[in-house]
Amino acid sequence: MKALILNSGIGSRIERFTQFHPKCMIELYKDETILSRQLKWLIDMGIGEVVITTGFLAENLIKYCHSLGLPIKYNFVCNSKYNKTNYIYSIYCAREYLKDDDIILMHGDLVFEPQILDAMIELPYSCMAVSTTEELPEKDFKAVINKGNIVKIGTEFFEHAVSAQPLYKFLQKDWLAWLDKISEYCENSITNCYAEAAFNDISNCIKLKPYDFMNALCKEVDTEDDLLEICQKVKIAKERVVYMGFATDIIHSGHIAILKKAARLGKVIVGILSDNVVASYKRFPLIPYEERKALLDNLKEVYQVVEQKELSYRENILEIRPDYVVHGDEWKEGTLKGIRAEVIEILQTYGGKLIEFPYTENEKLIKIEQRMLDELSIPDFRRGRLKRAIEMKGCINAIEVHNGITGLIAEKSKIEAEGGKIYQFDAMWVSSLCDSTAKGKPDIELVDTTSRFRTIDDIMEVTTKPIIFDGDTGGLIEHFVYTVKSLERMGVSMIIIEDKIGLKKNSLFGAEVEQTQDSIEHFCAKIEAGEKAKRTNDFMIVARVESLILEKGMSDALTRADAYVKAGVDGIMIHSRKKEPDEIFEFVDTFRLTDKVTPIVVVPTTFNTVTEEVFQSHGINVVIYANQLTRSSFPAMQHTANLILQNHRAKEADELCMPIKDIINLIPINE
Ligand code: SPV
Ligand code: MG
């Protein structure tokens with residue numbers, strides 16, 4: 001696409017300002033002239049070549065253009081008869097430059113807001129800027145519209161007409177038709193009319209549609225009054241504030257395109273969503289807030305960056321009171337629909353406007369997002385994310401997984417809630433009970449470490465979320481150090497070891513079975529050895545206090561927790577098999593009197609009425625749902641098996657089964 005700017009004329013109606021240079025060089029705002037503004041926006045919209053017709057003070061104009069140092073190719077064409085002809089003749093003079101592309105045509109004294117041109121360029125047809133809200137001018141251009149097309153342009157038409165401005169986008173074939181007619185006029189020495197007279201002759205062959213800019217600024221500087229009014233409007237436009245929320249951790253061409261459009265509307269203030277908001281609605285951010293902020297801080301389109309601490313825009317909009325909020329139109333549907341409605345409602349309270357641009361979800365962007373997800377599963381990335389999530393959210397949750405398919409369920413389960421919130425699991429718990437049960441074995445450390453690692457491998461291969469490993473007793477100290485190193489290398493984030501020794505049985509048996517608690521000294525030695533074996537700060541060793549399970553009393557539990565923390569452990573898990581959470585809360589509340597920082601983990605299998613919010617209010621940091629996927633799937637499988645046996649066929653079981661299509665969707669084929 002090329003631009004054609006008509007600058008041959010004298011500007012006699014505004015003589016005081018055009019003594020030393022053509023009208024297009026009149027300054028509008030701080031060194032910005034009518035022409036420099038036009039050129040700036042053209043370049044910004046990807047136009048690389050401009051044809052400028054000159055005449056009056058041509059040399060000044062050419063010099064000025066070069067002095068701007070703009071990255072655009074100029075073709076200057078002088079209409080030497082500029083004082084005797086109209087711009088129809090200037091176009092004719094420039095015709096050889098204008099045959100090989102689509103054309104944007106504008107008069108040299110036209111001042112417009114860039115979003116008008118932006119929208120016109122994007123339209124798939126030829127169009128002219130009109131306003132249906134402005135009053136019909138007495139003397140200036142009007143366009144007559146018939147069945148959605150412009151059929152006449154001129155100053156003399158009033159019937160079925162709207163106010164029009166000399167800003168056009170022409171597809172090449174339409175333009176050539178007009179250019180031919182312009183040439184015919186000029187070759188017949190008709191050079192004193194508007195070029196639009198030639199258009200009117202052939203308008204039935206061209207589909208020129210109106211683009212309605214309504215009340216936006218799009219006006220020629222004809223008189224001093226015009227100039228005053230336009231300068232004021234340009235100043236107001238310069239001071240407009242545009243707000244955009246950003247959750248992204250990479251900047252791709254789609255973001256730049258939308259930022260460019262936003263910058264054409266005013267000063268862009270970007271609200272970067274805090275880490276915890278991003279993690280709660282999208283996926284874990286690959287890079288933290290500060291780095292995401294730096295990405296945007298340095299873009300020329302961005303005026304200022306602020307933090308957006310909620311998914312809701314309310315707080316920032318009320319504080320900044322932007323003239324516009326800009327967003328991709330994809331949020332009209334899906335989880336952000338409610339957030340969008342709230343934005344519209346708040347903007348309405350003070351006359352702000354929401355502007356939505358088409359969202360470009362193309363193949364390339366989908367691939368970029370997939371690559372991001374792949375990165376999240378790299379061991380070094382995955383390992384540290386649990387610690388960061390705890391720091392970010394205060395309290396996180398984890399669900400039991402014991403193979404690839406349960407891993408995928410943990411990975412993909414999402415609940416969309418009010419206010420655009422999405423609830424999903426933060427982490428996965430590789431339970432010894434469920435890993436053993438899946439293999440039909442009792443939970444007595446019978447499934448060996450190699451087999452447990454194989455389970456982790458299967459899960460890791462298809463997921464990205466952080467993993468908490470149930471390390472049972474941790475085994476011999478000499479073995480435990482190897483376990484720590486291996487898990488850390490694999491990208492596991494946390495191991496929890498319980499302070500039992502000898503033949504371990506599941507804690508939910510409590511004191512009903514023979515189980516021995518380790519001595520504080522020996523267990524502390526195990527913790528110290530494990531901590532020493534660690535290579536990173538990301539990996540966490542958590543000591544699980546079994547005193548309440550084994551009915552050794554609260555003070556034993558607290559004494560042990562204190563000793564384990566002193567031995568350097570990274571967190572404490574307190575376990576209970578009571579239905580009521582009282583002993584858990586007593587422990588946590590007392591522990592937190594003296595230790596505010598060590599993360600606390602709970603496994604509410606029996607005390608399952610307590611919500612995560614309540615756990616968090618007591619200072620608990622990790623809530624593990626330790627066996628629910630196993631326990632819910634077994635009865636379903638048993639029931640299905642019985643139905644088949646009863647009926648000697650599978651039909652009766654079919655409605656209990658997931659459709660094959662859904663299974664296929666759950667497990668994507670990676671390319
Ligand atoms: C597990 O899930 O294996 C656990 C938690 O260790 S519990 O079963 O409650 O002991
Ligand atoms: Mg276990």
# chains A, B, ... in the order shown; residues from 1 in each chain; ligands from 1

$ residues_near_ligand --ligand "ligand 1" --cutoff "9 Å" --atoms "only C-alpha atoms and all ligand atoms" --output "PyMOL selection string"
chain A and resi 400+429-436+443+470-472+496-498+505-509+575-577+603-606+624-627

$ write_last_selection --atoms "N, CA, C and O atoms" --output "tab-separated table (two decimals), in the first residue's frame"
chain	number	residue	atom	x	y	z
A	400	GLU	N	-3.80	-35.89	44.65
A	400	GLU	CA	-3.10	-37.17	44.47
A	400	GLU	C	-3.08	-37.60	43.01
A	400	GLU	O	-4.07	-37.48	42.30
A	429	TRP	N	0.44	-34.72	44.20
A	429	TRP	CA	0.98	-35.49	45.32
A	429	TRP	C	1.13	-36.94	44.85
A	429	TRP	O	0.14	-37.59	44.49
A	430	VAL	N	2.36	-37.42	44.83
A	430	VAL	CA	2.57	-38.82	44.45
A	430	VAL	C	2.54	-39.64	45.73
A	430	VAL	O	3.56	-39.85	46.40
A	431	SER	N	1.34	-40.09	46.05
A	431	SER	CA	1.06	-40.76	47.33
A	431	SER	C	1.62	-42.18	47.34
A	431	SER	O	1.51	-42.91	46.36
A	432	SER	N	2.19	-42.57	48.48
A	432	SER	CA	2.67	-43.96	48.57
A	432	SER	C	1.47	-44.91	48.64
A	432	SER	O	1.48	-45.99	48.07
A	433	LEU	N	0.41	-44.45	49.34
A	433	LEU	CA	-0.79	-45.29	49.44
A	433	LEU	C	-1.36	-45.57	48.05
A	433	LEU	O	-1.63	-46.72	47.70
A	434	CYS	N	-1.52	-44.54	47.26
A	434	CYS	CA	-2.19	-44.72	45.97
A	434	CYS	C	-1.28	-45.36	44.94
A	434	CYS	O	-1.74	-46.14	44.10
A	435	ASP	N	0.01	-45.05	45.01
A	435	ASP	CA	0.95	-45.69	44.08
A	435	ASP	C	0.96	-47.20	44.37
A	435	ASP	O	0.90	-48.03	43.44
A	436	SER	N	0.98	-47.55	45.66
A	436	SER	CA	0.95	-48.98	46.03
A	436	SER	C	-0.37	-49.61	45.63
A	436	SER	O	-0.40	-50.70	45.04
A	443	ASP	N	0.47	-50.55	51.47
A	443	ASP	CA	1.26	-49.32	51.63
A	443	ASP	C	2.28	-49.51	52.75
A	443	ASP	O	2.17	-48.93	53.83
A	470	ASP	N	5.67	-38.44	48.14
A	470	ASP	CA	5.49	-39.06	49.45
A	470	ASP	C	6.65	-40.04	49.64
A	470	ASP	O	6.68	-41.12	49.05
A	471	GLY	N	7.62	-39.63	50.47
A	471	GLY	CA	8.83	-40.43	50.63
A	471	GLY	C	8.75	-41.47	51.73
A	471	GLY	O	9.80	-41.99	52.15
A	472	ASP	N	7.54	-41.74	52.26
A	472	ASP	CA	7.37	-42.68	53.38
A	472	ASP	C	8.34	-42.29	54.50
A	472	ASP	O	8.42	-41.13	54.87
A	496	ILE	N	8.24	-35.47	51.26
A	496	ILE	CA	7.78	-35.46	52.66
A	496	ILE	C	8.14	-36.81	53.26
A	496	ILE	O	7.79	-37.87	52.69
A	497	ILE	N	8.90	-36.78	54.35
A	497	ILE	CA	9.23	-38.04	55.02
A	497	ILE	C	8.64	-38.04	56.42
A	497	ILE	O	8.63	-37.03	57.11
A	498	GLU	N	8.14	-39.22	56.83
A	498	GLU	CA	7.47	-39.30	58.13
A	498	GLU	C	8.43	-39.87	59.18
A	498	GLU	O	9.31	-40.68	58.85
A	505	LYS	N	3.45	-48.55	58.35
A	505	LYS	CA	2.11	-48.84	57.83
A	505	LYS	C	1.41	-47.51	57.60
A	505	LYS	O	1.87	-46.47	58.08
A	506	ASN	N	0.30	-47.56	56.89
A	506	ASN	CA	-0.38	-46.31	56.57
A	506	ASN	C	-0.85	-45.60	57.84
A	506	ASN	O	-1.38	-46.23	58.76
A	507	SER	N	-0.70	-44.30	57.86
A	507	SER	CA	-1.03	-43.52	59.06
A	507	SER	C	-2.50	-43.60	59.45
A	507	SER	O	-2.85	-43.40	60.61
A	508	LEU	N	-3.34	-43.84	58.47
A	508	LEU	CA	-4.77	-43.83	58.78
A	508	LEU	C	-5.18	-45.03	59.64
A	508	LEU	O	-6.26	-45.07	60.21
A	509	PHE	N	-4.27	-46.03	59.76
A	509	PHE	CA	-4.50	-47.11	60.74
A	509	PHE	C	-4.25	-46.60	62.16
A	509	PHE	O	-4.68	-47.19	63.14
A	575	HIS	N	0.07	-34.48	60.85
A	575	HIS	CA	-1.00	-35.37	60.38
A	575	HIS	C	-1.91	-35.75	61.54
A	575	HIS	O	-1.50	-35.78	62.70
A	576	SER	N	-3.16	-36.04	61.18
A	576	SER	CA	-4.15	-36.45	62.18
A	576	SER	C	-5.15	-37.35	61.48
A	576	SER	O	-5.35	-37.22	60.26
A	577	ARG	N	-5.76	-38.27	62.25
A	577	ARG	CA	-6.80	-39.06	61.60
A	577	ARG	C	-8.15	-38.82	62.27
A	577	ARG	O	-9.10	-39.58	62.13
A	603	VAL	N	-2.90	-32.90	55.48
A	603	VAL	CA	-3.56	-33.87	54.59
A	603	VAL	C	-4.96	-34.14	55.17
A	603	VAL	O	-5.14	-35.03	55.99
A	604	PRO	N	-5.95	-33.35	54.77
A	604	PRO	CA	-7.26	-33.45	55.42
A	604	PRO	C	-8.13	-34.58	54.83
A	604	PRO	O	-9.18	-34.32	54.24
A	605	THR	N	-7.70	-35.82	55.02
A	605	THR	CA	-8.51	-36.94	54.53
A	605	THR	C	-9.70	-37.16	55.47
A	605	THR	O	-10.83	-37.33	55.02
A	606	THR	N	-9.44	-37.12	56.77
A	606	THR	CA	-10.53	-37.34	57.73
A	606	THR	C	-11.19	-36.02	58.12
A	606	THR	O	-12.42	-35.93	58.16
A	624	ILE	N	-3.05	-31.04	51.02
A	624	ILE	CA	-2.92	-32.15	50.06
A	624	ILE	C	-4.17	-33.03	50.11
A	624	ILE	O	-4.54	-33.54	51.18
A	625	TYR	N	-4.82	-33.18	48.97
A	625	TYR	CA	-5.93	-34.15	48.85
A	625	TYR	C	-5.27	-35.46	48.42
A	625	TYR	O	-4.97	-35.67	47.25
A	626	ALA	N	-5.05	-36.34	49.42
A	626	ALA	CA	-4.02	-37.37	49.26
A	626	ALA	C	-4.46	-38.64	48.54
A	626	ALA	O	-3.60	-39.42	48.12
A	627	ASN	N	-5.76	-38.88	48.40
A	627	ASN	CA	-6.15	-40.19	47.86
A	627	ASN	C	-7.48	-40.18	47.12
A	627	ASN	O	-8.00	-41.24	46.76

$ residues_around --residues "Ile644 in chain A" --least-positions-apart "6" --cutoff "12 Å" --atoms "only C-alpha atoms" --output "compact mmCIF listing (two decimals) with C-alpha atoms, in the first residue's frame"
# COMPACT_ATOMS: atom_id res chain seq x y z
CA MET A 637 -14.63 -49.49 38.20
CA GLN A 638 -16.05 -52.14 40.51
CA ALA A 650 -21.43 -53.95 28.29
CA LYS A 651 -24.52 -51.97 27.22
CA GLU A 652 -25.76 -51.35 30.78
CA ALA A 653 -22.36 -50.03 31.79
CA ASP A 654 -22.06 -47.73 28.83
CA LEU A 656 -21.31 -44.82 33.24

$ residues_around --residues "Glu488 in chain A" --least-positions-apart "5" --cutoff "10 Å" --atoms "only C-alpha atoms" --output "JSON, numbers by chain"
{"A": [379, 380, 383, 482, 483, 493, 494, 495, 533, 534, 535, 536, 538, 539, 540]}

$ write_last_selection --atoms "all heavy atoms" --output "CSV table (one decimal), in the first residue's frame"
chain,number,residue,atom,x,y,z
A,379,PRO,N,12.7,-29.9,34.1
A,379,PRO,CA,13.0,-30.1,35.5
A,379,PRO,C,13.4,-28.8,36.3
A,379,PRO,O,12.8,-28.5,37.3
A,379,PRO,CB,14.1,-31.1,35.5
A,379,PRO,CG,13.9,-31.9,34.3
A,379,PRO,CD,13.4,-30.9,33.3
A,380,ASP,N,14.3,-28.0,35.7
A,380,ASP,CA,14.8,-26.8,36.4
A,380,ASP,C,13.6,-25.8,36.6
A,380,ASP,O,13.6,-25.1,37.6
A,380,ASP,CB,15.9,-26.2,35.7
A,380,ASP,CG,17.2,-26.9,36.0
A,380,ASP,OD1,17.2,-27.6,37.0
A,380,ASP,OD2,18.2,-26.7,35.3
A,383,ARG,N,10.8,-27.6,39.2
A,383,ARG,CA,11.2,-27.8,40.6
A,383,ARG,C,10.9,-26.6,41.5
A,383,ARG,O,10.3,-26.7,42.5
A,383,ARG,CB,12.7,-28.1,40.6
A,383,ARG,CG,13.2,-28.6,42.0
A,383,ARG,CD,14.7,-28.6,42.1
A,383,ARG,NE,15.3,-29.4,41.0
A,383,ARG,CZ,16.1,-28.8,40.1
A,383,ARG,NH1,16.3,-27.5,40.0
A,383,ARG,NH2,16.6,-29.6,39.2
A,482,TYR,N,20.5,-40.5,48.5
A,482,TYR,CA,20.4,-40.7,47.0
A,482,TYR,C,19.0,-40.4,46.5
A,482,TYR,O,18.9,-39.9,45.4
A,482,TYR,CB,20.7,-42.2,46.7
A,482,TYR,CG,22.2,-42.5,46.7
A,482,TYR,CD1,22.9,-42.9,47.9
A,482,TYR,CD2,23.0,-42.3,45.6
A,482,TYR,CE1,24.3,-43.1,47.9
A,482,TYR,CE2,24.4,-42.5,45.6
A,482,TYR,CZ,25.0,-42.9,46.7
A,482,TYR,OH,26.3,-43.1,46.7
A,483,THR,N,18.0,-40.7,47.3
A,483,THR,CA,16.7,-40.4,46.9
A,483,THR,C,16.5,-38.9,46.7
A,483,THR,O,15.9,-38.4,45.7
A,483,THR,CB,15.7,-40.9,48.0
A,483,THR,OG1,16.0,-42.2,48.3
A,483,THR,CG2,14.2,-40.7,47.6
A,493,SER,N,9.6,-31.2,43.4
A,493,SER,CA,9.8,-30.0,44.2
A,493,SER,C,9.9,-30.3,45.6
A,493,SER,O,10.5,-29.5,46.4
A,493,SER,CB,8.6,-29.1,44.0
A,493,SER,OG,8.4,-28.9,42.6
A,494,MET,N,9.3,-31.4,46.1
A,494,MET,CA,9.3,-31.6,47.6
A,494,MET,C,9.2,-33.0,47.9
A,494,MET,O,8.5,-33.8,47.2
A,494,MET,CB,8.0,-30.8,48.1
A,494,MET,CG,7.8,-31.0,49.6
A,494,MET,SD,6.2,-30.3,50.2
A,494,MET,CE,6.5,-28.6,50.3
A,495,ILE,N,9.9,-33.5,48.9
A,495,ILE,CA,9.7,-34.8,49.5
A,495,ILE,C,9.2,-34.7,50.9
A,495,ILE,O,9.7,-33.8,51.6
A,495,ILE,CB,11.0,-35.7,49.4
A,495,ILE,CG1,10.7,-37.1,49.9
A,495,ILE,CG2,12.2,-35.1,50.1
A,495,ILE,CD1,11.8,-38.1,49.7
A,533,ALA,N,22.6,-33.1,51.1
A,533,ALA,CA,22.6,-33.7,49.8
A,533,ALA,C,22.0,-32.8,48.7
A,533,ALA,O,22.3,-33.0,47.5
A,533,ALA,CB,21.9,-35.1,49.8
A,534,LYS,N,21.1,-31.9,49.1
A,534,LYS,CA,20.4,-31.1,48.1
A,534,LYS,C,21.4,-30.2,47.3
A,534,LYS,O,22.4,-29.8,47.9
A,534,LYS,CB,19.5,-30.1,48.9
A,534,LYS,CG,18.1,-30.7,49.1
A,534,LYS,CD,17.3,-29.8,50.1
A,534,LYS,CE,17.4,-28.3,49.9
A,534,LYS,NZ,16.5,-27.7,50.9
A,535,ARG,N,21.1,-29.9,46.1
A,535,ARG,CA,22.0,-29.1,45.3
A,535,ARG,C,21.4,-27.7,45.0
A,535,ARG,O,22.0,-26.8,44.6
A,535,ARG,CB,22.3,-29.8,43.9
A,535,ARG,CG,23.1,-31.0,44.0
A,535,ARG,CD,24.6,-30.5,44.3
A,535,ARG,NE,25.4,-31.7,44.6
A,535,ARG,CZ,25.6,-32.1,45.9
A,535,ARG,NH1,25.1,-31.4,46.9
A,535,ARG,NH2,26.4,-33.1,46.2
A,536,THR,N,20.1,-27.6,45.3
A,536,THR,CA,19.4,-26.3,45.0
A,536,THR,C,18.6,-25.9,46.2
A,536,THR,O,18.2,-26.7,47.1
A,536,THR,CB,18.4,-26.4,43.8
A,536,THR,OG1,17.3,-27.3,44.2
A,536,THR,CG2,19.1,-27.0,42.6
A,538,ASP,N,15.6,-24.7,45.7
A,538,ASP,CA,14.3,-25.0,45.2
A,538,ASP,C,13.7,-26.2,45.8
A,538,ASP,O,12.5,-26.2,46.1
A,538,ASP,CB,14.3,-25.2,43.7
A,538,ASP,CG,14.6,-23.9,42.9
A,538,ASP,OD1,14.5,-22.8,43.5
A,538,ASP,OD2,14.9,-24.0,41.7
A,539,PHE,N,14.5,-27.2,46.0
A,539,PHE,CA,14.0,-28.5,46.5
A,539,PHE,C,13.7,-28.4,48.0
A,539,PHE,O,14.5,-27.9,48.7
A,539,PHE,CB,15.0,-29.6,46.1
A,539,PHE,CG,14.5,-31.0,46.4
A,539,PHE,CD1,13.5,-31.6,45.6
A,539,PHE,CD2,14.9,-31.7,47.5
A,539,PHE,CE1,13.0,-32.8,45.9
A,539,PHE,CE2,14.4,-33.0,47.8
A,539,PHE,CZ,13.5,-33.5,47.0
A,540,MET,N,12.6,-29.0,48.4
A,540,MET,CA,12.2,-28.9,49.8
A,540,MET,C,12.0,-30.3,50.5
A,540,MET,O,11.4,-31.1,49.9
A,540,MET,CB,10.8,-28.1,50.0
A,540,MET,CG,10.9,-26.7,49.4
A,540,MET,SD,9.2,-26.0,49.3
A,540,MET,CE,9.0,-25.5,51.0

$ select_by_dssp --residues "range 63-272 of chain A" --states "helix (DSSP H, G or I)" --output "JSON, numbers by chain"
{"A": [63, 64, 65, 66, 67, 87, 88, 89, 90, 91, 92, 93, 95, 96, 97, 114, 115, 116, 117, 118, 119, 120, 121, 122, 172, 173, 174, 175, 176, 177, 178, 179, 180, 181, 182, 183, 184, 185, 186, 187, 195, 196, 197, 198, 199, 200, 201, 202, 203, 204, 205, 224, 225, 226, 227, 228, 229, 230, 231, 232, 233, 234, 235, 236, 237, 238, 253, 254, 255, 256, 257, 258, 259, 260, 261, 262, 263]}

$ residues_around --residues "Asp201 in chain A" --least-positions-apart "6" --cutoff "12 Å" --atoms "only C-alpha atoms" --output "PyMOL selection string"
chain A and resi 151-153+177-182+184-185+195
